>>> print(open('my_file29.cif').read())   # mmCIF, C-alpha atoms
data_query
loop_
_atom_site.label_atom_id
_atom_site.label_comp_id
_atom_site.auth_asym_id
_atom_site.auth_seq_id
_atom_site.Cartn_x
_atom_site.Cartn_y
_atom_site.Cartn_z
CA MET A 208 6.28 -49.74 36.73
CA VAL A 209 8.24 -47.99 34.02
CA GLY A 210 5.21 -48.28 31.76
CA LEU A 211 3.03 -46.49 34.33
CA VAL A 212 5.51 -43.65 34.79
CA GLY A 213 5.83 -43.41 31.03
CA ARG A 214 2.08 -43.15 30.64
CA LEU A 215 1.78 -40.51 33.38
CA TRP A 216 4.54 -38.45 31.77
CA ASN A 217 2.85 -38.66 28.36
CA LEU A 218 -0.39 -37.44 29.87
CA GLN A 219 1.21 -34.42 31.53
CA TYR A 220 3.28 -33.60 28.47
CA LYS A 221 0.25 -33.73 26.22
CA SER A 222 -1.75 -31.40 28.39
CA ILE A 223 1.12 -28.92 28.63
CA VAL A 224 1.57 -28.91 24.86
CA LYS A 225 -2.16 -28.51 24.38
CA GLU A 226 -2.31 -25.56 26.74
CA ALA A 227 0.76 -23.93 25.22
CA SER A 228 -0.58 -24.25 21.70
CA GLY A 229 -3.94 -22.91 22.82
CA LYS A 230 -2.30 -19.85 24.33
CA ALA A 231 -0.07 -19.42 21.27
CA LEU A 232 -3.13 -19.53 19.03
CA ALA A 233 -4.87 -16.89 21.12
CA VAL A 234 -1.82 -14.63 20.88
CA ALA A 235 -1.63 -15.21 17.14
CA LYS A 236 -5.30 -14.34 16.74
CA PHE A 237 -4.76 -11.15 18.73
CA PHE A 238 -1.87 -10.13 16.52
CA CYS A 239 -3.94 -10.86 13.43
CA VAL A 240 -6.69 -8.55 14.64
CA LEU A 241 -4.11 -5.91 15.48
CA HIS A 242 -2.55 -6.25 12.05
CA VAL A 243 -5.88 -6.00 10.23
CA THR A 244 -6.82 -2.92 12.22
CA ASN A 245 -3.44 -1.41 11.52
CA THR A 246 -3.62 -2.01 7.81
CA TYR A 247 -7.21 -1.29 7.03
CA LEU A 248 -8.63 0.90 9.74
CA CYS A 249 -6.33 3.02 11.77
CA THR A 250 -2.64 3.17 12.60
CA PHE A 251 -0.49 5.23 14.89
CA ALA A 252 2.86 6.70 14.03
CA LEU A 253 5.56 8.95 15.39
CA ALA A 254 6.38 12.15 13.54
CA TYR A 255 9.61 13.98 14.11
CA GLY A 256 11.68 16.47 12.22
CA PRO A 257 11.38 20.09 11.30
CA ASN A 258 9.14 19.97 8.31
CA MET A 259 5.75 20.10 9.99
CA VAL A 260 6.70 22.44 12.80
CA LEU A 261 3.41 24.27 13.03
CA THR A 262 1.47 21.09 13.62
CA PHE A 263 3.95 18.69 15.18
CA ASN A 264 6.88 19.22 17.51
CA LEU A 265 10.47 18.93 16.41
CA THR A 266 11.22 16.12 18.80
CA GLY A 267 8.34 13.87 17.99
CA ASP A 268 4.61 13.56 18.38
CA MET A 269 2.48 10.49 18.16
CA PHE A 270 -0.70 10.58 16.19
CA LEU A 271 -3.42 8.37 14.80
CA ALA A 272 -4.01 8.03 11.09
CA GLU A 273 -6.95 6.31 9.53
CA ARG A 274 -6.84 4.38 6.29
CA LEU A 275 -10.45 4.30 5.19
CA SER A 276 -10.57 7.81 3.71
CA ILE A 277 -7.72 7.06 1.36
CA LYS A 278 -9.39 3.93 0.03
CA PHE A 279 -12.66 5.75 -0.56
CA GLY A 280 -11.07 8.83 -2.02
CA LYS A 281 -12.30 11.14 0.74
CA VAL A 282 -9.16 13.23 1.13
CA GLY A 283 -9.04 16.86 0.16
CA PRO A 284 -6.84 19.93 0.30
CA GLY A 285 -5.85 20.88 3.84
CA ASP A 286 -5.71 17.31 5.15
CA ILE A 287 -2.60 16.01 6.82
CA VAL A 288 -1.63 12.74 5.20
CA LEU A 289 0.82 9.91 5.70
CA LEU A 290 2.52 8.85 2.49
CA ARG A 291 5.49 6.88 1.22
CA TYR A 292 8.54 8.72 0.01
CA PRO A 293 8.66 8.52 -3.81
CA GLU A 294 12.43 8.34 -3.54
CA SER A 295 12.73 5.70 -0.81
CA PRO A 296 9.85 3.26 -0.84
CA ARG A 297 10.44 2.10 2.70
CA LYS A 298 10.21 5.51 4.33
CA VAL A 299 6.96 7.14 5.27
CA MET A 300 6.43 10.85 5.75
CA VAL A 301 3.77 13.19 7.06
CA LYS A 302 2.79 16.18 4.95
CA CYS A 303 -0.10 18.47 4.26
CA LEU A 304 -2.09 17.76 1.10
CA LEU A 305 -2.48 20.90 -0.92
CA GLY A 306 -3.93 19.82 -4.22
CA LEU A 307 -5.70 16.88 -5.84
CA GLU A 308 -5.61 15.96 -9.52
CA SER A 309 -6.38 18.77 -11.93
CA HIS A 310 -6.09 21.38 -9.16
CA SER A 311 -3.89 24.34 -9.85
CA VAL A 312 -1.34 24.80 -7.04
CA THR A 313 0.74 27.92 -6.46
CA TYR A 314 3.84 27.43 -4.37
CA VAL A 315 6.88 29.35 -3.29
CA VAL A 316 9.80 27.81 -5.13
CA ASP A 317 12.63 28.57 -2.72
CA PRO A 318 11.59 30.63 0.30
CA MET A 319 15.16 30.99 1.58
CA LYS A 320 16.31 32.74 -1.55
CA SER A 321 13.39 34.62 -3.01
CA ASP A 322 9.67 35.08 -3.03
CA ARG A 323 9.22 33.68 -6.51
CA ARG A 324 6.04 31.69 -6.91
CA ASP A 325 5.20 29.08 -9.50
CA THR A 326 1.91 27.54 -10.51
CA VAL A 327 1.48 23.94 -11.56
CA VAL A 328 -1.53 21.85 -12.48
CA VAL A 329 -1.55 18.53 -10.67
CA PRO A 330 -1.75 15.68 -13.23
CA LYS A 331 -4.38 12.95 -13.15
CA GLY A 332 -3.94 10.38 -10.41
CA HIS A 333 -1.47 12.53 -8.45
CA VAL A 334 -1.52 14.82 -5.42
CA TRP A 335 0.58 17.78 -4.33
CA VAL A 336 1.94 17.67 -0.78
CA GLU A 337 3.93 20.21 1.20
CA GLY A 338 5.25 20.41 4.72
CA ASP A 339 4.05 23.18 7.04
CA ASN A 340 7.56 24.51 7.41
CA ILE A 341 8.33 25.41 3.81
CA TYR A 342 11.81 26.60 4.73
CA ASN A 343 12.93 23.15 5.77
CA SER A 344 10.84 20.53 4.11
CA ARG A 345 11.41 18.09 1.27
CA ASP A 346 8.12 17.77 -0.51
CA SER A 347 6.37 18.12 -3.87
CA ARG A 348 8.32 21.29 -4.55
CA GLN A 349 11.40 19.10 -4.89
CA PHE A 350 10.13 15.77 -6.16
CA GLY A 351 6.97 16.84 -7.96
CA PRO A 352 3.40 15.62 -7.61
CA VAL A 353 3.10 12.24 -5.94
CA PRO A 354 0.90 9.40 -7.30
CA TYR A 355 -2.25 8.89 -5.21
CA GLY A 356 -1.32 5.22 -4.80
CA LEU A 357 1.49 6.20 -2.40
CA LEU A 358 -0.88 7.69 0.18
CA GLU A 359 -1.07 5.57 3.30
CA GLY A 360 -3.39 7.31 5.72
CA LYS A 361 -5.05 10.52 6.84
CA VAL A 362 -4.04 11.94 10.21
CA PHE A 363 -7.00 12.79 12.38
CA CYS A 364 -5.88 12.88 15.98
CA LYS A 365 -2.75 13.63 17.97
CA ILE A 366 -2.23 11.38 20.98
CA TRP A 367 1.16 12.39 22.46
CA PRO A 368 2.21 14.61 24.22
CA PRO A 369 -0.89 14.40 26.37
CA LYS A 370 -1.33 18.12 26.75
CA GLU A 371 -1.62 18.46 23.00
CA PHE A 372 -4.06 15.61 22.66
CA GLY A 373 -6.81 16.40 20.24
CA SER A 374 -8.22 16.25 16.81
CA LEU A 375 -6.23 17.58 13.89
CA MET A 376 -8.77 17.84 11.17
CA LYS A 377 -7.33 20.56 8.99
CA SER A 378 -3.86 22.01 9.08
CA GLY A 379 -3.57 25.55 10.37
CA MET A 380 -0.89 26.28 7.83
CA LYS A 381 -2.06 28.47 5.06
CA ASP A 382 -5.07 29.01 2.91
CA PRO A 383 -5.42 25.86 0.80
CA ASP A 384 -7.39 27.78 -1.79
CA LEU A 385 -4.28 29.59 -3.00
CA MET O 34 -43.39 -24.58 28.37
CA ARG O 35 -43.26 -24.80 24.60
CA LEU O 36 -41.78 -21.30 24.47
CA LEU O 37 -38.88 -22.41 26.61
CA SER O 38 -38.17 -25.38 24.34
CA TYR O 39 -38.30 -23.11 21.26
CA MET O 40 -35.85 -20.74 22.89
CA GLY O 41 -33.58 -23.65 23.66
CA GLN O 42 -33.66 -24.76 20.03
CA TRP O 43 -33.01 -21.20 18.87
CA LYS O 44 -30.02 -20.90 21.13
CA SER O 45 -28.40 -24.07 19.85
CA ALA O 46 -29.16 -23.15 16.24
CA ALA O 47 -27.71 -19.68 16.75
CA LYS O 48 -24.62 -21.14 18.35
CA GLU O 49 -24.12 -23.49 15.42
CA VAL O 50 -24.53 -20.64 12.92
CA LEU O 51 -21.99 -18.59 14.84
CA ASP O 52 -19.52 -21.45 14.87
CA ARG O 53 -19.86 -22.03 11.17
CA THR O 54 -19.52 -18.30 10.47
CA ALA O 55 -16.39 -18.20 12.60
CA ILE O 56 -14.85 -21.02 10.59
CA VAL O 57 -15.69 -19.31 7.30
CA ALA O 58 -14.33 -16.00 8.61
CA LYS O 59 -11.07 -17.62 9.70
CA PHE O 60 -10.71 -19.26 6.30
CA LEU O 61 -11.31 -15.95 4.52
CA CYS O 62 -8.75 -14.27 6.75
CA LEU O 63 -6.18 -16.90 5.88
CA LEU O 64 -7.00 -16.51 2.19
CA HIS O 65 -6.68 -12.76 2.48
CA VAL O 66 -3.32 -12.93 4.23
CA THR O 67 -1.99 -15.37 1.64
CA ASN O 68 -3.27 -13.19 -1.18
CA ASN O 69 -1.73 -10.04 0.16
CA TYR O 70 1.53 -11.21 1.57
CA LEU O 71 2.47 -14.44 -0.13
CA CYS O 72 1.06 -15.33 -3.49
CA SER O 73 -2.16 -14.69 -5.33
CA PRO O 74 -3.74 -15.75 -8.61
CA THR O 75 -4.67 -12.74 -10.72
CA LEU O 76 -6.54 -12.36 -13.97
CA VAL O 77 -4.74 -10.03 -16.35
CA TYR O 78 -6.05 -8.94 -19.72
CA GLY O 79 -5.36 -6.38 -22.39
CA PRO O 80 -3.07 -6.02 -25.38
CA SER O 81 -0.10 -4.37 -23.73
CA MET O 82 1.85 -7.50 -22.86
CA LEU O 83 1.42 -9.48 -26.08
CA PRO O 84 2.87 -11.96 -26.93
CA THR O 85 3.79 -12.81 -23.36
CA LEU O 86 0.26 -12.62 -22.02
CA ASN O 87 -3.02 -13.09 -23.87
CA LEU O 88 -5.35 -10.36 -25.03
CA THR O 89 -8.44 -11.97 -23.61
CA GLY O 90 -7.05 -12.85 -20.24
CA ASP O 91 -4.55 -15.03 -18.46
CA VAL O 92 -4.48 -16.25 -14.92
CA VAL O 93 -1.06 -15.58 -13.46
CA LEU O 94 0.44 -16.27 -10.07
CA ALA O 95 1.98 -13.22 -8.51
CA GLU O 96 4.03 -13.26 -5.35
CA HIS O 97 4.04 -10.39 -2.91
CA VAL O 98 7.28 -11.04 -1.08
CA SER O 99 9.97 -9.88 -3.50
CA HIS O 100 9.00 -6.27 -3.71
CA ARG O 101 9.05 -5.89 0.06
CA ILE O 102 12.62 -7.17 0.31
CA GLY O 103 13.83 -5.28 -2.72
CA LYS O 104 14.31 -8.27 -5.01
CA VAL O 105 12.55 -6.79 -8.04
CA GLY O 106 14.89 -6.20 -10.97
CA THR O 107 15.14 -5.55 -14.68
CA GLY O 108 13.22 -8.03 -16.79
CA ASP O 109 10.65 -8.93 -14.13
CA VAL O 110 6.97 -8.76 -14.97
CA VAL O 111 5.31 -6.89 -12.12
CA LEU O 112 1.89 -5.81 -10.96
CA VAL O 113 1.99 -2.10 -10.34
CA ARG O 114 -0.66 0.38 -9.24
CA SER O 115 -1.29 2.89 -12.01
CA PRO O 116 0.05 6.39 -11.23
CA VAL O 117 -2.71 7.78 -13.40
CA ASP O 118 -5.64 5.90 -11.85
CA PRO O 119 -4.96 4.60 -8.33
CA ARG O 120 -7.77 2.07 -8.54
CA ARG O 121 -6.23 0.14 -11.46
CA ILE O 122 -3.40 -2.32 -11.31
CA LEU O 123 -1.27 -2.74 -14.41
CA THR O 124 0.91 -5.64 -15.52
CA LYS O 125 4.15 -4.46 -17.09
CA ARG O 126 7.78 -5.44 -17.37
CA VAL O 127 10.51 -3.60 -15.47
CA VAL O 128 12.95 -2.28 -18.05
CA GLY O 129 15.09 -0.07 -15.81
CA MET O 130 15.81 0.32 -12.09
CA GLU O 131 16.92 3.51 -10.33
CA GLY O 132 20.05 4.96 -11.85
CA ASP O 133 19.68 3.12 -15.16
CA THR O 134 19.69 5.00 -18.44
CA VAL O 135 16.66 4.14 -20.54
CA SER O 136 16.23 4.88 -24.27
CA PHE O 137 12.82 4.73 -25.78
CA TYR O 138 11.07 5.74 -28.98
CA VAL O 139 8.58 8.54 -28.60
CA ASP O 140 7.63 8.16 -32.25
CA PRO O 141 9.28 5.95 -34.91
CA MET O 142 11.83 8.63 -35.84
CA TYR O 143 12.71 10.17 -32.55
CA SER O 144 14.22 8.44 -29.54
CA GLN O 145 14.75 9.91 -26.09
CA THR O 146 17.05 8.92 -23.25
CA THR O 147 16.34 9.42 -19.56
CA VAL O 148 17.93 8.37 -16.31
CA VAL O 149 15.59 6.65 -13.89
CA PRO O 150 15.54 8.69 -10.63
CA LYS O 151 16.18 7.28 -7.16
CA GLY O 152 13.38 5.15 -5.77
CA HIS O 153 11.69 4.76 -9.16
CA VAL O 154 11.45 2.10 -11.86
CA TRP O 155 10.82 2.30 -15.60
CA ILE O 156 8.08 -0.04 -16.78
CA GLN O 157 7.07 -0.94 -20.32
CA GLY O 158 4.60 -3.32 -21.82
CA ASP O 159 6.04 -6.00 -24.13
CA ASN O 160 3.73 -4.82 -26.90
CA THR O 161 5.13 -1.33 -27.28
CA TYR O 162 2.61 -0.40 -29.97
CA ALA O 163 -0.39 -0.79 -27.68
CA SER O 164 0.80 -0.06 -24.21
CA SER O 165 0.49 2.98 -22.03
CA ASP O 166 3.46 2.85 -19.71
CA SER O 167 6.48 4.82 -18.48
CA ARG O 168 6.98 6.22 -21.95
CA HIS O 169 3.77 8.15 -21.36
CA PHE O 170 3.60 8.77 -17.63
CA GLY O 171 7.28 8.67 -16.68
CA SER O 172 9.12 6.62 -14.09
CA VAL O 173 6.96 5.04 -11.46
CA PRO O 174 7.87 5.10 -7.73
CA TYR O 175 8.97 1.69 -6.47
CA GLY O 176 6.39 1.98 -3.68
CA LEU O 177 3.61 1.43 -6.23
CA ILE O 178 4.75 -2.08 -7.11
CA GLN O 179 2.26 -4.59 -5.73
CA GLY O 180 3.78 -7.92 -6.73
CA LYS O 181 5.95 -9.91 -9.12
CA VAL O 182 4.47 -12.35 -11.63
CA PHE O 183 6.26 -15.67 -11.71
CA PHE O 184 3.90 -18.22 -13.21
CA ARG O 185 1.27 -18.33 -15.88
CA GLU O 186 -1.47 -20.86 -16.30
CA SER O 187 -2.42 -20.92 -19.95
CA ASN O 188 -5.43 -22.38 -21.65
CA GLU O 189 -3.33 -24.98 -23.37
CA LEU O 190 -1.91 -27.62 -21.13
CA ARG O 191 1.51 -26.02 -21.17
CA ILE O 192 2.52 -23.91 -18.19
CA THR O 193 4.96 -21.11 -18.87
CA ARG O 194 7.50 -20.05 -16.32
CA PHE O 195 8.92 -16.53 -16.42
#
>>> encode(input="my_file29.cif", output="structure tokens")
Amino acid sequence: MVGLVGRLWNLQYKSIVKEASGKALAVAKFFCVLHVTNTYLCTFALAYGPNMVLTFNLTGDMFLAERLSIKFGKVGPGDIVLLRYPESPRKVMVKCLLGLESHSVTYVVDPMKSDRRDTVVVPKGHVWVEGDNIYNSRDSRQFGPVPYGLLEGKVFCKIWPPKEFGSLMKSGMKDPDL
Amino acid sequence: MRLLSYMGQWKSAAKEVLDRTAIVAKFLCLLHVTNNYLCSPTLVYGPSMLPTLNLTGDVVLAEHVSHRIGKVGTGDVVLVRSPVDPRRILTKRVVGMEGDTVSFYVDPMYSQTTVVPKGHVWIQGDNTYASSDSRHFGSVPYGLIQGKVFFRESNELRITRF
């Protein structure tokens, strides 16, 4: 009698465990696919803060950034890019790319104080990034050209708020040919 | 009639091919995840890390966990993406972390001292005579570190631990 109950219990238990592990595996596979897409294809992020005020709102906008262009070297001046902070490797920021290697970039050194401009040639393997809002943005004007290896993605589409949904191919900031 | 049986054979063959491909794909995914996030064998070559690593090539094991949790420090041999050519990965030793003061010889007579800025590291090859490193391109942002080398398999039967 006890043996029969024991056997019935084993049977139920086994099937429950089998079903649970099957579901867990399916969830794990889904997360894997999500992770691969996030890392190699396309990711979404939230941007907030004052330094890209012409393109993004102060309080936060969500956008999609794709990772393929960076890996194939298809970024150019005028693109909005996602990159790691050179000073804090765990933080990521959104800026406008203004110059690739060996480009000559002219920038306003300190727009709050004067109109003085400076020209710099971007060294090999680096890029020059600036925020749209040059009055309140920490970018290449403070920490210099950034190695290309720190670029994480190219922003191509804004998805939130819904009334501003749309493609963001080039920044409407200023003439990148300066 | 024969057409139907051919189609049936095709279907089962196609299903088997798909199953096998799925197994291979899952294995490659697992390999890829291990390589990127845990540990990977890498072939390194070049004169800049003599005598620690060979000129003609050494297979080393590099782990990719430490740099994500901030456990890379002075004296570690690391794989770092070159700031000069983003497609190359260099093997160098970390000589200074952020805030450290580093002295190095620009030429045999003249030495220079710099402070490593926040979020950066100073890397140098062990063979300072034939290495292009932070003495030439400056401090490297920590975000460019790809992994830490912890094991070397050498051609002789001796295995060196770092």
>>> atom_distance(input="my_file29.cif", atom1="CA of Thr326 (chain A)", atom2="CA of Ala254 (chain A)")
28.9 Å
>>> closest_atom_pairs(input="my_file29.cif", of="chain O", to="chain A", cutoff="8 Å", atoms="all atoms listed in the file", output="JSON lines")
{"residue": "O:Arg114", "atom": "CA", "partner": "A:Gly356", "partner_atom": "CA", "distance": 6.6}
{"residue": "O:Ser115", "atom": "CA", "partner": "A:Gly356", "partner_atom": "CA", "distance": 7.6}
{"residue": "O:Pro116", "atom": "CA", "partner": "A:Pro354", "partner_atom": "CA", "distance": 5.0}
{"residue": "O:Val117", "atom": "CA", "partner": "A:Gly332", "partner_atom": "CA", "distance": 4.1}
{"residue": "O:Asp118", "atom": "CA", "partner": "A:Gly332", "partner_atom": "CA", "distance": 5.0}
{"residue": "O:Pro119", "atom": "CA", "partner": "A:Gly356", "partner_atom": "CA", "distance": 5.1}
{"residue": "O:Pro150", "atom": "CA", "partner": "A:Glu294", "partner_atom": "CA", "distance": 7.8}
{"residue": "O:Lys151", "atom": "CA", "partner": "A:Glu294", "partner_atom": "CA", "distance": 5.3}
{"residue": "O:Gly152", "atom": "CA", "partner": "A:Glu294", "partner_atom": "CA", "distance": 4.0}
{"residue": "O:His153", "atom": "CA", "partner": "A:Glu294", "partner_atom": "CA", "distance": 6.7}
{"residue": "O:Pro174", "atom": "CA", "partner": "A:Pro293", "partner_atom": "CA", "distance": 5.3}
{"residue": "O:Tyr175", "atom": "CA", "partner": "A:Pro296", "partner_atom": "CA", "distance": 5.9}
{"residue": "O:Gly176", "atom": "CA", "partner": "A:Pro296", "partner_atom": "CA", "distance": 4.7}
{"residue": "O:Leu177", "atom": "CA", "partner": "A:Gly356", "partner_atom": "CA", "distance": 6.4}
>>> resolve_selection(input="my_file29.cif", expression="the PyMOL selection byres ((chain O and resi 169) around 12)", output="list in words")
Ser115, Pro116, Val117, Phe137, Tyr138, Val139, Asp140, Trp155, Ile156, Gln157, Gly158, Thr161, Ala163, Ser164, Ser165, Asp166, Ser167, Arg168, Phe170, Gly171, Ser172 and Val173 of chain O
>>> axis_aligned_box(input="my_file29.cif", around="region 155-172 of chain O", padding_each_side="3 Å", output="AutoDock Vina command-line options")
--center_x 5.2 --center_y 1.4 --center_z -22.0 --size_x 17.2 --size_y 20.8 --size_z 21.9
>>> closest_residue(input="my_file29.cif", among="O:Met40, O:Leu83, O:Val135, O:Val92", to="Asp159 (chain O)", atoms="all atoms listed in the file")
O:Leu83
>>> residues_around(input="my_file29.cif", residues="Ser99 (chain O)", least_positions_apart="6", cutoff="8 Å", atoms="all atoms listed in the file", output="ChimeraX atom specification")
/O:105,180-181
>>> resolve_selection(input="my_file29.cif", expression="the PyMOL selection byres ((chain A and resi 368-374) around 12)", output="number ranges by chain")
A: 253-254, 262-264, 266-272, 286-287, 361-367, 375-378
>>> atom_distance(input="my_file29.cif", atom1="CA of Gly338 (chain A)", atom2="CA of Arg323 (chain A)")
17.8 Å
>>> residues_around(input="my_file29.cif", residues="Arg348 (chain A)", least_positions_apart="4", cutoff="8 Å", atoms="all atoms listed in the file", output="list in words")
Tyr314, Val316 and Glu337 of chain A
>>> atom_distance(input="my_file29.cif", atom1="CA of Gly360 (chain A)", atom2="CA of Gly306 (chain A)")
16.0 Å
>>> decode(input="my_file29.cif", residues="region 225-240 of chain A", atoms="N, CA and C atoms", output="mmCIF file, in the first residue's frame")
data_model
loop_
_atom_site.group_PDB
_atom_site.id
_atom_site.type_symbol
_atom_site.label_atom_id
_atom_site.label_comp_id
_atom_site.auth_asym_id
_atom_site.auth_seq_id
_atom_site.Cartn_x
_atom_site.Cartn_y
_atom_site.Cartn_z
ATOM 1 N N LYS A 225 9.712 17.805 -14.565
ATOM 2 C CA LYS A 225 10.015 17.842 -15.995
ATOM 3 C C LYS A 225 9.383 19.063 -16.645
ATOM 4 N N GLU A 226 8.122 19.320 -16.257
ATOM 5 C CA GLU A 226 7.431 20.460 -16.864
ATOM 6 C C GLU A 226 8.084 21.768 -16.435
ATOM 7 N N ALA A 227 8.435 21.839 -15.135
ATOM 8 C CA ALA A 227 9.056 23.078 -14.643
ATOM 9 C C ALA A 227 10.371 23.335 -15.352
ATOM 10 N N SER A 228 11.182 22.267 -15.500
ATOM 11 C CA SER A 228 12.476 22.505 -16.145
ATOM 12 C C SER A 228 12.301 22.832 -17.617
ATOM 13 N N GLY A 229 11.269 22.259 -18.243
ATOM 14 C CA GLY A 229 11.003 22.612 -19.635
ATOM 15 C C GLY A 229 10.647 24.073 -19.780
ATOM 16 N N LYS A 230 9.796 24.567 -18.859
ATOM 17 C CA LYS A 230 9.398 25.973 -18.929
ATOM 18 C C LYS A 230 10.595 26.870 -18.639
ATOM 19 N N ALA A 231 11.405 26.435 -17.623
ATOM 20 C CA ALA A 231 12.574 27.254 -17.267
ATOM 21 C C ALA A 231 13.528 27.350 -18.451
ATOM 22 N N LEU A 232 13.686 26.238 -19.165
ATOM 23 C CA LEU A 232 14.575 26.245 -20.326
ATOM 24 C C LEU A 232 14.050 27.187 -21.398
ATOM 25 N N ALA A 233 12.737 27.174 -21.604
ATOM 26 C CA ALA A 233 12.164 28.065 -22.618
ATOM 27 C C ALA A 233 12.392 29.521 -22.242
ATOM 28 N N VAL A 234 12.219 29.831 -20.947
ATOM 29 C CA VAL A 234 12.456 31.215 -20.498
ATOM 30 C C VAL A 234 13.924 31.588 -20.688
ATOM 31 N N ALA A 235 14.808 30.632 -20.341
ATOM 32 C CA ALA A 235 16.243 30.906 -20.490
ATOM 33 C C ALA A 235 16.591 31.150 -21.947
ATOM 34 N N LYS A 236 16.014 30.351 -22.840
ATOM 35 C CA LYS A 236 16.287 30.544 -24.272
ATOM 36 C C LYS A 236 15.798 31.906 -24.728
ATOM 37 N N PHE A 237 14.634 32.317 -24.215
ATOM 38 C CA PHE A 237 14.109 33.632 -24.599
ATOM 39 C C PHE A 237 15.040 34.748 -24.145
ATOM 40 N N PHE A 238 15.537 34.625 -22.910
ATOM 41 C CA PHE A 238 16.448 35.655 -22.416
ATOM 42 C C PHE A 238 17.747 35.672 -23.201
ATOM 43 N N CYS A 239 18.208 34.487 -23.631
ATOM 44 C CA CYS A 239 19.417 34.431 -24.435
ATOM 45 C C CYS A 239 19.229 35.203 -25.735
ATOM 46 N N VAL A 240 18.093 34.956 -26.382
ATOM 47 C CA VAL A 240 17.827 35.642 -27.650
ATOM 48 C C VAL A 240 17.763 37.143 -27.413
#
